[in-house]
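upload-v8.cif (mmCIF, C-alpha atoms and all ligand atoms)
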data_input
loop_
_atom_site.group_PDB
_atom_site.id
_atom_site.type_symbol
_atom_site.label_atom_id
_atom_site.label_comp_id
_atom_site.auth_asym_id
_atom_site.auth_seq_id
_atom_site.Cartn_x
_atom_site.Cartn_y
_atom_site.Cartn_z
ATOM 1 C CA MET I 190 -18.590 30.241 -16.600
ATOM 2 C CA ARG I 191 -19.690 26.730 -17.480
ATOM 3 C CA LEU I 192 -22.728 25.304 -15.663
ATOM 4 C CA LEU I 193 -23.875 21.774 -14.937
ATOM 5 C CA PHE I 194 -27.030 20.629 -16.744
ATOM 6 C CA VAL I 195 -28.724 17.930 -14.695
ATOM 7 C CA HIS I 196 -31.521 15.446 -15.419
ATOM 8 C CA ASP I 197 -31.841 12.445 -13.068
ATOM 9 C CA ASP I 198 -28.379 10.830 -12.994
ATOM 10 C CA ARG I 199 -27.162 12.581 -16.153
ATOM 11 C CA GLU I 200 -25.099 15.758 -15.876
ATOM 12 C CA TYR I 201 -23.119 17.705 -18.444
ATOM 13 C CA LEU I 202 -20.818 20.667 -17.906
ATOM 14 C CA LEU I 203 -21.602 23.132 -20.694
ATOM 15 C CA ALA I 204 -20.759 26.715 -21.633
ATOM 16 C CA PRO I 205 -23.245 29.454 -22.567
ATOM 17 C CA GLY I 206 -23.973 29.173 -26.314
ATOM 18 C CA GLU I 207 -22.817 25.553 -26.494
ATOM 19 C CA GLU I 208 -24.830 22.902 -28.378
ATOM 20 C CA PHE I 209 -24.527 19.367 -27.016
ATOM 21 C CA GLY I 210 -26.103 16.105 -28.218
ATOM 22 C CA THR I 211 -27.406 13.582 -25.668
ATOM 23 C CA ASP I 212 -29.572 10.481 -26.000
ATOM 24 C CA LEU I 213 -32.389 12.654 -24.575
ATOM 25 C CA GLY I 214 -32.015 15.218 -27.362
ATOM 26 C CA VAL I 215 -29.829 18.198 -28.183
ATOM 27 C CA ILE I 216 -29.238 20.819 -25.483
ATOM 28 C CA GLU I 217 -28.807 24.356 -26.839
ATOM 29 C CA VAL I 218 -27.457 26.431 -23.957
ATOM 30 C CA PRO I 219 -28.725 30.050 -24.084
ATOM 31 C CA GLU I 220 -26.038 32.753 -23.887
ATOM 32 C CA ASP I 221 -27.800 34.295 -20.862
ATOM 33 C CA VAL I 222 -28.334 31.022 -18.951
ATOM 34 C CA ALA I 223 -28.236 31.337 -15.148
ATOM 35 C CA PRO I 224 -28.150 28.772 -12.309
ATOM 36 C CA GLY I 225 -31.675 27.519 -11.622
ATOM 37 C CA ASP I 226 -32.842 27.920 -15.236
ATOM 38 C CA THR I 227 -34.440 24.980 -17.008
ATOM 39 C CA VAL I 228 -33.343 24.177 -20.558
ATOM 40 C CA GLU I 229 -35.315 21.749 -22.752
ATOM 41 C CA THR I 230 -33.668 19.470 -25.283
ATOM 42 C CA HIS I 231 -35.189 19.434 -28.764
ATOM 43 C CA LEU I 232 -37.015 16.249 -27.664
ATOM 44 C CA GLY I 233 -38.561 18.045 -24.697
ATOM 45 C CA THR I 234 -36.473 16.702 -21.780
ATOM 46 C CA GLU I 235 -35.780 19.289 -19.109
ATOM 47 C CA PHE I 236 -32.265 19.854 -17.731
ATOM 48 C CA VAL I 237 -31.749 22.151 -14.744
ATOM 49 C CA ALA I 238 -28.704 24.440 -14.752
ATOM 50 C CA ARG I 239 -26.549 24.401 -11.613
ATOM 51 C CA GLU I 240 -23.383 26.185 -10.597
ATOM 52 C CA PRO I 241 -20.710 23.506 -10.104
ATOM 53 C CA ARG I 242 -19.561 23.166 -6.490
ATOM 54 C CA GLY I 243 -16.546 21.350 -4.997
ATOM 55 C CA PRO I 244 -17.775 17.756 -5.411
ATOM 56 C CA ASP I 245 -18.833 18.528 -9.005
ATOM 57 C CA LEU I 246 -15.366 19.880 -9.723
ATOM 58 C CA PHE I 247 -13.870 16.672 -8.286
ATOM 59 C CA ASP I 248 -15.996 14.725 -10.809
ATOM 60 C CA HIS I 249 -15.513 16.997 -13.834
ATOM 61 C CA PHE I 250 -11.947 18.367 -13.605
ATOM 62 C CA GLU I 251 -9.515 16.961 -16.157
ATOM 63 C CA ARG I 252 -7.328 14.645 -14.076
ATOM 64 C CA THR I 253 -3.544 14.563 -13.891
ATOM 65 C CA GLY I 254 -1.986 13.983 -10.438
ATOM 66 C CA ALA I 255 -4.276 11.892 -8.190
ATOM 67 C CA PRO I 256 -6.715 14.379 -6.622
ATOM 68 C CA MET I 257 -7.466 14.509 -2.922
ATOM 69 C CA MET I 258 -10.906 13.189 -2.035
ATOM 70 C CA PRO I 259 -13.503 15.609 -0.619
ATOM 71 C CA ARG I 260 -13.369 13.785 2.731
ATOM 72 C CA ASP I 261 -9.634 14.494 3.105
ATOM 73 C CA ILE I 262 -10.098 18.106 2.008
ATOM 74 C CA GLY I 263 -12.816 18.461 4.642
ATOM 75 C CA LEU I 264 -10.349 17.335 7.289
ATOM 76 C CA VAL I 265 -7.725 19.809 6.077
ATOM 77 C CA VAL I 266 -10.236 22.666 6.334
ATOM 78 C CA GLY I 267 -11.536 21.430 9.689
ATOM 79 C CA HIS I 268 -8.155 20.898 11.344
ATOM 80 C CA THR I 269 -6.554 24.110 10.071
ATOM 81 C CA GLY I 270 -9.559 26.436 10.070
ATOM 82 C CA ALA I 271 -8.753 27.546 6.509
ATOM 83 C CA SER I 272 -11.001 30.473 5.732
ATOM 84 C CA ARG I 273 -11.564 33.637 3.716
ATOM 85 C CA GLY I 274 -8.474 35.806 3.382
ATOM 86 C CA ASP I 275 -5.987 33.110 4.414
ATOM 87 C CA ARG I 276 -2.801 32.914 2.350
ATOM 88 C CA VAL I 277 -2.041 29.320 1.356
ATOM 89 C CA LEU I 278 1.112 27.794 -0.140
ATOM 90 C CA ASP I 279 0.279 24.448 -1.796
ATOM 91 C CA ALA I 280 2.247 21.716 -3.605
ATOM 92 C CA GLY I 281 1.916 19.827 -5.821
ATOM 93 C CA THR I 282 -1.055 21.200 -7.636
ATOM 94 C CA GLY I 283 -1.759 17.962 -9.557
ATOM 95 C CA THR I 284 -5.361 18.054 -10.759
ATOM 96 C CA GLY I 285 -5.916 21.051 -8.496
ATOM 97 C CA VAL I 286 -8.876 19.780 -6.505
ATOM 98 C CA LEU I 287 -7.480 20.869 -3.114
ATOM 99 C CA ALA I 288 -6.360 24.242 -4.533
ATOM 100 C CA ALA I 289 -9.803 24.852 -6.073
ATOM 101 C CA TYR I 290 -11.654 23.950 -2.865
ATOM 102 C CA LEU I 291 -9.414 26.318 -0.884
ATOM 103 C CA GLY I 292 -9.961 29.015 -3.497
ATOM 104 C CA ARG I 293 -13.729 28.571 -3.237
ATOM 105 C CA VAL I 294 -13.493 28.850 0.560
ATOM 106 C CA GLY I 295 -11.934 32.290 -0.056
ATOM 107 C CA CYS I 296 -8.239 31.552 0.461
ATOM 108 C CA ALA I 297 -5.579 33.165 -1.735
ATOM 109 C CA VAL I 298 -3.632 30.125 -2.952
ATOM 110 C CA THR I 299 -0.162 29.947 -4.493
ATOM 111 C CA THR I 300 0.226 26.412 -5.781
ATOM 112 C CA TYR I 301 3.303 24.788 -7.356
ATOM 113 C CA GLU I 302 3.284 22.048 -9.999
ATOM 114 C CA ARG I 303 6.610 20.828 -11.356
ATOM 115 C CA ASP I 304 5.147 19.115 -14.465
ATOM 116 C CA PRO I 305 4.459 21.886 -17.036
ATOM 117 C CA ASP I 306 1.694 19.898 -18.787
ATOM 118 C CA PHE I 307 -0.018 19.225 -15.457
ATOM 119 C CA ALA I 308 0.288 22.911 -14.560
ATOM 120 C CA ASP I 309 -1.446 23.908 -17.828
ATOM 121 C CA VAL I 310 -4.312 21.509 -17.124
ATOM 122 C CA ALA I 311 -4.578 22.817 -13.564
ATOM 123 C CA ARG I 312 -4.888 26.406 -14.856
ATOM 124 C CA GLU I 313 -7.763 25.302 -17.085
ATOM 125 C CA ASN I 314 -9.349 23.545 -14.119
ATOM 126 C CA MET I 315 -9.056 26.735 -12.026
ATOM 127 C CA ALA I 316 -10.805 28.653 -14.819
ATOM 128 C CA LEU I 317 -13.556 26.028 -14.817
ATOM 129 C CA ALA I 318 -13.910 26.455 -11.050
ATOM 130 C CA GLY I 319 -14.008 30.239 -11.399
ATOM 131 C CA VAL I 320 -11.117 30.680 -8.959
ATOM 132 C CA GLU I 321 -8.351 31.958 -11.308
ATOM 133 C CA PRO I 322 -8.191 35.329 -9.557
ATOM 134 C CA THR I 323 -7.396 33.777 -6.174
ATOM 135 C CA VAL I 324 -5.513 30.592 -7.118
ATOM 136 C CA GLU I 325 -2.160 31.160 -8.824
ATOM 137 C CA VAL I 326 -0.679 28.035 -10.408
ATOM 138 C CA ARG I 327 3.122 28.331 -10.652
ATOM 139 C CA THR I 328 5.055 25.939 -12.858
ATOM 140 C CA GLY I 329 8.068 24.705 -10.919
ATOM 141 C CA ASP I 330 9.402 22.618 -8.077
ATOM 142 C CA LEU I 331 8.409 24.060 -4.700
ATOM 143 C CA THR I 332 11.671 22.956 -3.099
ATOM 144 C CA ASP I 333 13.643 25.116 -5.598
ATOM 145 C CA ASP I 334 11.705 28.225 -4.519
ATOM 146 C CA LEU I 335 11.692 27.735 -0.751
ATOM 147 C CA ASP I 336 14.552 30.196 -0.126
ATOM 148 C CA SER I 337 12.977 32.949 -2.232
ATOM 149 C CA LEU I 338 9.534 32.341 -0.705
ATOM 150 C CA VAL I 339 11.000 32.688 2.798
ATOM 151 C CA ALA I 340 12.908 35.842 1.785
ATOM 152 C CA ASP I 341 10.134 37.551 -0.191
ATOM 153 C CA ASP I 342 6.993 36.648 1.630
ATOM 154 C CA ASP I 343 5.383 37.973 4.810
ATOM 155 C CA GLY I 344 4.295 34.462 5.753
ATOM 156 C CA PHE I 345 1.554 32.038 4.821
ATOM 157 C CA ASP I 346 -1.340 31.033 7.069
ATOM 158 C CA LEU I 347 -1.350 27.514 5.708
ATOM 159 C CA LEU I 348 1.098 25.196 3.939
ATOM 160 C CA THR I 349 -0.564 22.213 2.218
ATOM 161 C CA LEU I 350 1.644 19.451 0.830
ATOM 162 C CA ASP I 351 0.725 16.438 -1.275
ATOM 163 C CA THR I 352 4.138 15.378 -2.590
ATOM 164 C CA GLU I 353 6.672 12.671 -1.815
ATOM 165 C CA ASP I 354 9.269 15.289 -0.892
ATOM 166 C CA ALA I 355 6.935 17.044 1.574
ATOM 167 C CA PRO I 356 9.423 16.690 4.498
ATOM 168 C CA ALA I 357 11.815 19.125 2.759
ATOM 169 C CA ALA I 358 9.133 21.836 2.824
ATOM 170 C CA VAL I 359 7.973 20.876 6.320
ATOM 171 C CA ARG I 360 11.508 21.593 7.586
ATOM 172 C CA ARG I 361 11.156 25.180 6.280
ATOM 173 C CA ALA I 362 7.627 25.612 7.691
ATOM 174 C CA PRO I 363 8.776 27.725 10.685
ATOM 175 C CA ASP I 364 10.135 30.312 8.215
ATOM 176 C CA LEU I 365 7.265 30.029 5.719
ATOM 177 C CA LEU I 366 4.350 30.303 8.150
ATOM 178 C CA VAL I 367 2.993 33.148 10.237
ATOM 179 C CA SER I 368 2.908 32.534 13.961
ATOM 180 C CA GLY I 369 0.039 30.097 14.608
ATOM 181 C CA GLY I 370 -0.089 29.018 10.959
ATOM 182 C CA PHE I 371 -0.610 25.361 10.055
ATOM 183 C CA VAL I 372 1.062 22.808 7.849
ATOM 184 C CA ALA I 373 -1.049 19.923 6.499
ATOM 185 C CA VAL I 374 0.599 16.977 4.746
ATOM 186 C CA TYR I 375 -1.356 14.345 2.842
ATOM 187 C CA SER I 376 0.514 11.051 2.344
ATOM 188 C CA PRO I 377 -0.892 7.881 0.763
ATOM 189 C CA PHE I 378 1.710 5.654 2.484
ATOM 190 C CA VAL I 379 2.620 5.269 6.129
ATOM 191 C CA GLU I 380 6.353 5.650 5.415
ATOM 192 C CA GLY I 381 5.749 9.090 3.885
ATOM 193 C CA THR I 382 3.515 10.206 6.703
ATOM 194 C CA ARG I 383 6.035 9.121 9.345
ATOM 195 C CA ALA I 384 8.746 11.090 7.546
ATOM 196 C CA ALA I 385 6.493 14.174 7.481
ATOM 197 C CA HIS I 386 5.583 13.746 11.147
ATOM 198 C CA GLU I 387 9.257 13.444 12.156
ATOM 199 C CA ALA I 388 10.227 16.423 10.001
ATOM 200 C CA ALA I 389 7.578 18.527 11.761
ATOM 201 C CA ARG I 390 8.908 17.545 15.191
ATOM 202 C CA GLU I 391 12.530 18.134 14.180
ATOM 203 C CA ALA I 392 11.587 21.565 12.819
ATOM 204 C CA GLY I 393 10.232 22.486 16.240
ATOM 205 C CA LEU I 394 6.605 22.806 15.122
ATOM 206 C CA GLY I 395 3.908 22.303 17.747
ATOM 207 C CA GLU I 396 0.643 20.324 17.931
ATOM 208 C CA VAL I 397 2.034 17.624 15.601
ATOM 209 C CA GLU I 398 -0.689 15.046 14.933
ATOM 210 C CA THR I 399 -1.205 12.343 12.312
ATOM 211 C CA PHE I 400 -4.545 10.752 11.421
ATOM 212 C CA GLU I 401 -5.601 7.906 9.203
ATOM 213 C CA THR I 402 -8.738 9.021 7.375
ATOM 214 C CA ILE I 403 -11.535 6.502 7.394
ATOM 215 C CA GLN I 404 -14.988 7.042 5.935
ATOM 216 C CA ARG I 405 -17.579 4.341 5.276
ATOM 217 C CA ARG I 406 -20.711 4.832 3.202
ATOM 218 C CA MET I 407 -23.800 3.271 4.802
ATOM 219 C CA ASP I 408 -26.130 1.002 2.810
ATOM 220 C CA PHE I 409 -29.779 0.871 3.960
ATOM 221 C CA GLY I 410 -31.338 -2.179 2.253
ATOM 222 C CA GLU I 411 -34.367 -4.423 2.558
ATOM 223 C CA ARG I 412 -32.372 -6.960 4.582
ATOM 224 C CA GLY I 413 -30.762 -4.471 6.921
ATOM 225 C CA SER I 414 -28.290 -1.651 7.329
ATOM 226 C CA ARG I 415 -24.497 -1.873 7.251
ATOM 227 C CA PRO I 416 -21.376 -0.128 5.953
ATOM 228 C CA SER I 417 -21.061 -0.519 2.196
ATOM 229 C CA THR I 418 -18.947 -3.443 1.014
ATOM 230 C CA ALA I 419 -18.022 -1.490 -2.153
ATOM 231 C CA GLY I 420 -16.243 1.770 -2.899
ATOM 232 C CA VAL I 421 -13.083 3.546 -1.825
ATOM 233 C CA GLY I 422 -11.368 2.224 1.299
ATOM 234 C CA HIS I 423 -8.026 3.708 2.299
ATOM 235 C CA THR I 424 -7.129 7.088 0.829
ATOM 236 C CA GLY I 425 -4.307 8.438 2.963
ATOM 237 C CA TYR I 426 -2.896 9.871 6.155
ATOM 238 C CA LEU I 427 -2.977 13.493 7.215
ATOM 239 C CA THR I 428 -0.305 15.103 9.362
ATOM 240 C CA PHE I 429 -0.956 18.507 10.905
ATOM 241 C CA ALA I 430 1.441 20.781 12.765
ATOM 242 C CA ARG I 431 1.445 24.379 13.896
ATOM 243 C CA ASN I 432 4.003 27.165 13.919
HETATM 244 C C1 LIG U 501 -0.947 13.634 -5.819
HETATM 245 S S1 LIG U 501 -0.786 15.016 -6.871
HETATM 246 C C2 LIG U 501 -1.529 16.323 -5.973
HETATM 247 C C3 LIG U 501 -3.032 16.352 -6.087
HETATM 248 C C4 LIG U 501 -3.680 17.575 -5.500
HETATM 249 N N1 LIG U 501 -3.484 17.689 -4.075
HETATM 250 C C5 LIG U 501 -5.179 17.608 -5.816
HETATM 251 O O1 LIG U 501 -6.013 17.641 -4.884
HETATM 252 O O2 LIG U 501 -5.535 17.586 -6.996
HETATM 253 C C6 LIG U 501 0.938 15.356 -6.654
HETATM 254 C C7 LIG U 501 1.489 16.361 -7.701
HETATM 255 O O3 LIG U 501 2.630 16.967 -7.147
HETATM 256 C C8 LIG U 501 3.559 17.221 -8.164
HETATM 257 N N2 LIG U 501 4.842 17.391 -7.442
HETATM 258 C C9 LIG U 501 5.558 16.424 -6.780
HETATM 259 N N3 LIG U 501 6.603 16.976 -6.135
HETATM 260 C C10 LIG U 501 6.541 18.317 -6.380
HETATM 261 C C11 LIG U 501 7.335 19.449 -5.969
HETATM 262 N N4 LIG U 501 8.394 19.284 -5.183
HETATM 263 N N5 LIG U 501 6.983 20.680 -6.410
HETATM 264 C C12 LIG U 501 5.900 20.863 -7.210
HETATM 265 N N6 LIG U 501 5.103 19.830 -7.632
HETATM 266 C C13 LIG U 501 5.426 18.581 -7.219
HETATM 267 C C14 LIG U 501 3.430 16.022 -9.078
HETATM 268 O O4 LIG U 501 3.862 16.313 -10.376
HETATM 269 C C15 LIG U 501 1.925 15.737 -9.001
HETATM 270 O O5 LIG U 501 1.240 16.363 -10.056
#
Target format structure tokens, applied to this file:
Amino acid sequence: MRLLFVHDDREYLLAPGEEFGTDLGVIEVPEDVAPGDTVETHLGTEFVAREPRGPDLFDHFERTGAPMMPRDIGLVVGHTGASRGDRVLDAGTGTGVLAAYLGRVGCAVTTYERDPDFADVARENMALAGVEPTVEVRTGDLTDDLDSLVADDDGFDLLTLDTEDAPAAVRRAPDLLVSGGFVAVYSPFVEGTRAAHEAAREAGLGEVETFETIQRRMDFGERGSRPSTAGVGHTGYLTFARN
């Protein structure tokens, strides 16, 4: 597995045995490197090896479909109680940040990506995250497989959707989910989130709730303290419902 090599604000994701040139010298990664080890460049600068965690994966994954931000993923986990052993059906995979976080939490994730090139990148990202055994990336359109998933599966604990056509899957949520299972829909636009909310109600799901996610970084400066005037503002809306 690749590890992060960190010195101040510099960090590089490198594999055992890899040689990598930086302006602070060449890092030669030992084959037996372990998290917590210190590796010196040939110029004597020390880099500390770390196992990459969720936020590192968000920064270092190769990007395709716009990834969900850690703050939105935190809300999905918090509102649904996603935890070890849960079976999750996810679409679309995109970059795979949500799928990888859920895999690291201990969920068994089946995730659909309709773009074959994106799906290949997502598989590489899952390998980077060390979650390939528990996150299965399927190439295909989720809506094409809904009938077979309902017929063949015992039921998922959680359905996570980050696609424009999410309402089509939400309508099948009562058949896809175990009793008490959750659906979580992430939508960047209010029109999409309203459609998902209405689909959940029409499907007869309970506890239907939609939230706008707002998070403000705080700046503590010489002149005073206030929410940052820079950075990401709106990300999206989250709709939750329960079978
Ligand atoms: C916004 S990205 C998802 C990002 C992902 N949640 C993450 O955290 O990295 C949306 C992805 O869904 C895929 N997609 C859209 N509709 C789909 C469908 N019906 N079935 C499978 N994939 C779909 C798109 O190709 C795109 O890659």
- Task: Starting from the displayed file, determine the output of the PyMOL selection byres (((chain I and resi 201) around 12) and not hetatm) and express the residue list as number ranges by chain.
- Result: I: 191-200, 202-204, 207-211, 215-216, 218, 236-241, 245-246, 248-249
What does the file look like for those residues with C-alpha atoms, as a CSV table (one decimal), keeping the file's coordinate frame?
chain,number,residue,atom,x,y,z
I,191,ARG,CA,-19.7,26.7,-17.5
I,192,LEU,CA,-22.7,25.3,-15.7
I,193,LEU,CA,-23.9,21.8,-14.9
I,194,PHE,CA,-27.0,20.6,-16.7
I,195,VAL,CA,-28.7,17.9,-14.7
I,196,HIS,CA,-31.5,15.4,-15.4
I,197,ASP,CA,-31.8,12.4,-13.1
I,198,ASP,CA,-28.4,10.8,-13.0
I,199,ARG,CA,-27.2,12.6,-16.2
I,200,GLU,CA,-25.1,15.8,-15.9
I,202,LEU,CA,-20.8,20.7,-17.9
I,203,LEU,CA,-21.6,23.1,-20.7
I,204,ALA,CA,-20.8,26.7,-21.6
I,207,GLU,CA,-22.8,25.6,-26.5
I,208,GLU,CA,-24.8,22.9,-28.4
I,209,PHE,CA,-24.5,19.4,-27.0
I,210,GLY,CA,-26.1,16.1,-28.2
I,211,THR,CA,-27.4,13.6,-25.7
I,215,VAL,CA,-29.8,18.2,-28.2
I,216,ILE,CA,-29.2,20.8,-25.5
I,218,VAL,CA,-27.5,26.4,-24.0
I,236,PHE,CA,-32.3,19.9,-17.7
I,237,VAL,CA,-31.7,22.2,-14.7
I,238,ALA,CA,-28.7,24.4,-14.8
I,239,ARG,CA,-26.5,24.4,-11.6
I,240,GLU,CA,-23.4,26.2,-10.6
I,241,PRO,CA,-20.7,23.5,-10.1
I,245,ASP,CA,-18.8,18.5,-9.0
I,246,LEU,CA,-15.4,19.9,-9.7
I,248,ASP,CA,-16.0,14.7,-10.8
I,249,HIS,CA,-15.5,17.0,-13.8
- Task: Using the chain letters and numbering of this document, enumerate as an NGL selection string the residues selected by the PyMOL selection byres (((chain I and resi 373) around 6) and not hetatm).
- Result: :I and (349 or 372 or 374 or 428-429)
- Item | Spatial neighbours of Asp343 of chain I, 12 Å, all atoms listed in the file, chain gap at least 6 places, as a list in words | Arg276, Val277, Ser337, Asp364, Leu365, Leu366, Val367 and Ser368 of chain I
Would you list the contacts of segment 252-259 of chain I as a PDB file with C-alpha atoms, in the coordinates of the input, taking every protein, DNA or RNA residue within 7 Å and counting all atoms listed in the file, but skipping same-chain residues closer than 3 positions in sequence?
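Result file follows (part06.pdb):
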ATOM      1  CA  PRO I 244     -17.775  17.756  -5.411  1.00  0.00           C
ATOM      2  CA  ILE I 262     -10.098  18.106   2.008  1.00  0.00           C
ATOM      3  CA  GLY I 263     -12.816  18.461   4.642  1.00  0.00           C
ATOM      4  CA  GLY I 283      -1.759  17.962  -9.557  1.00  0.00           C
ATOM      5  CA  THR I 284      -5.361  18.054 -10.759  1.00  0.00           C
ATOM      6  CA  GLY I 285      -5.916  21.051  -8.496  1.00  0.00           C
ATOM      7  CA  VAL I 286      -8.876  19.780  -6.505  1.00  0.00           C
ATOM      8  CA  LEU I 287      -7.480  20.869  -3.114  1.00  0.00           C
ATOM      9  CA  PHE I 307      -0.018  19.225 -15.457  1.00  0.00           C
TER      10      PHE I 307
END
- Task: Measure the distance from atom CA of Met190 of chain I to atom CA of Thr323 of chain I in Å and round it to one decimal.
- Result: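 Interatomic distance here is 15.7 Å.
Shown here are all protein and nucleic acid residues lying within 10 Å of (-11.6, 23.9, 5.2), with only C-alpha atoms considered: Asp261, Ile262, Gly263, Leu264, Val265, Val266, Gly267, His268, Thr269, Gly270, Ala271, Ser272, Arg273, Leu287, Tyr290, Leu291, Arg293, Val294, Gly295 and Cys296 of chain I.
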- I need the residue set behind the PyMOL selection byres (((chain I and resi 327) around 9) and not hetatm) for this file; please write it as a ChimeraX atom specification. /I:282,299-303,308,325-326,328-330
- Message: Would you pick out the contacts of segment 391-404 of chain I at 8 Å or less, using all atoms listed in the file, so that residues sharing its chain but fewer than 4 positions from it are not included, and give the list as a ChimeraX atom specification?
- Response: /I:260-261,359-363,382,386-387,422-432
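In this structure, atom CA of Tyr375 of chain I sits 13.0 Å away from atom C14 of ligand LIG 501 (chain U).
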- Task: Counting only C-alpha atoms, figure out which residue out of I:Pro322, I:Thr234, I:Phe378, I:Pro205 gets nearest to Asp221 of chain I.
- Result: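 Looking only at the distances to Asp221 of chain I, the closest residue turns out to be I:Pro205.
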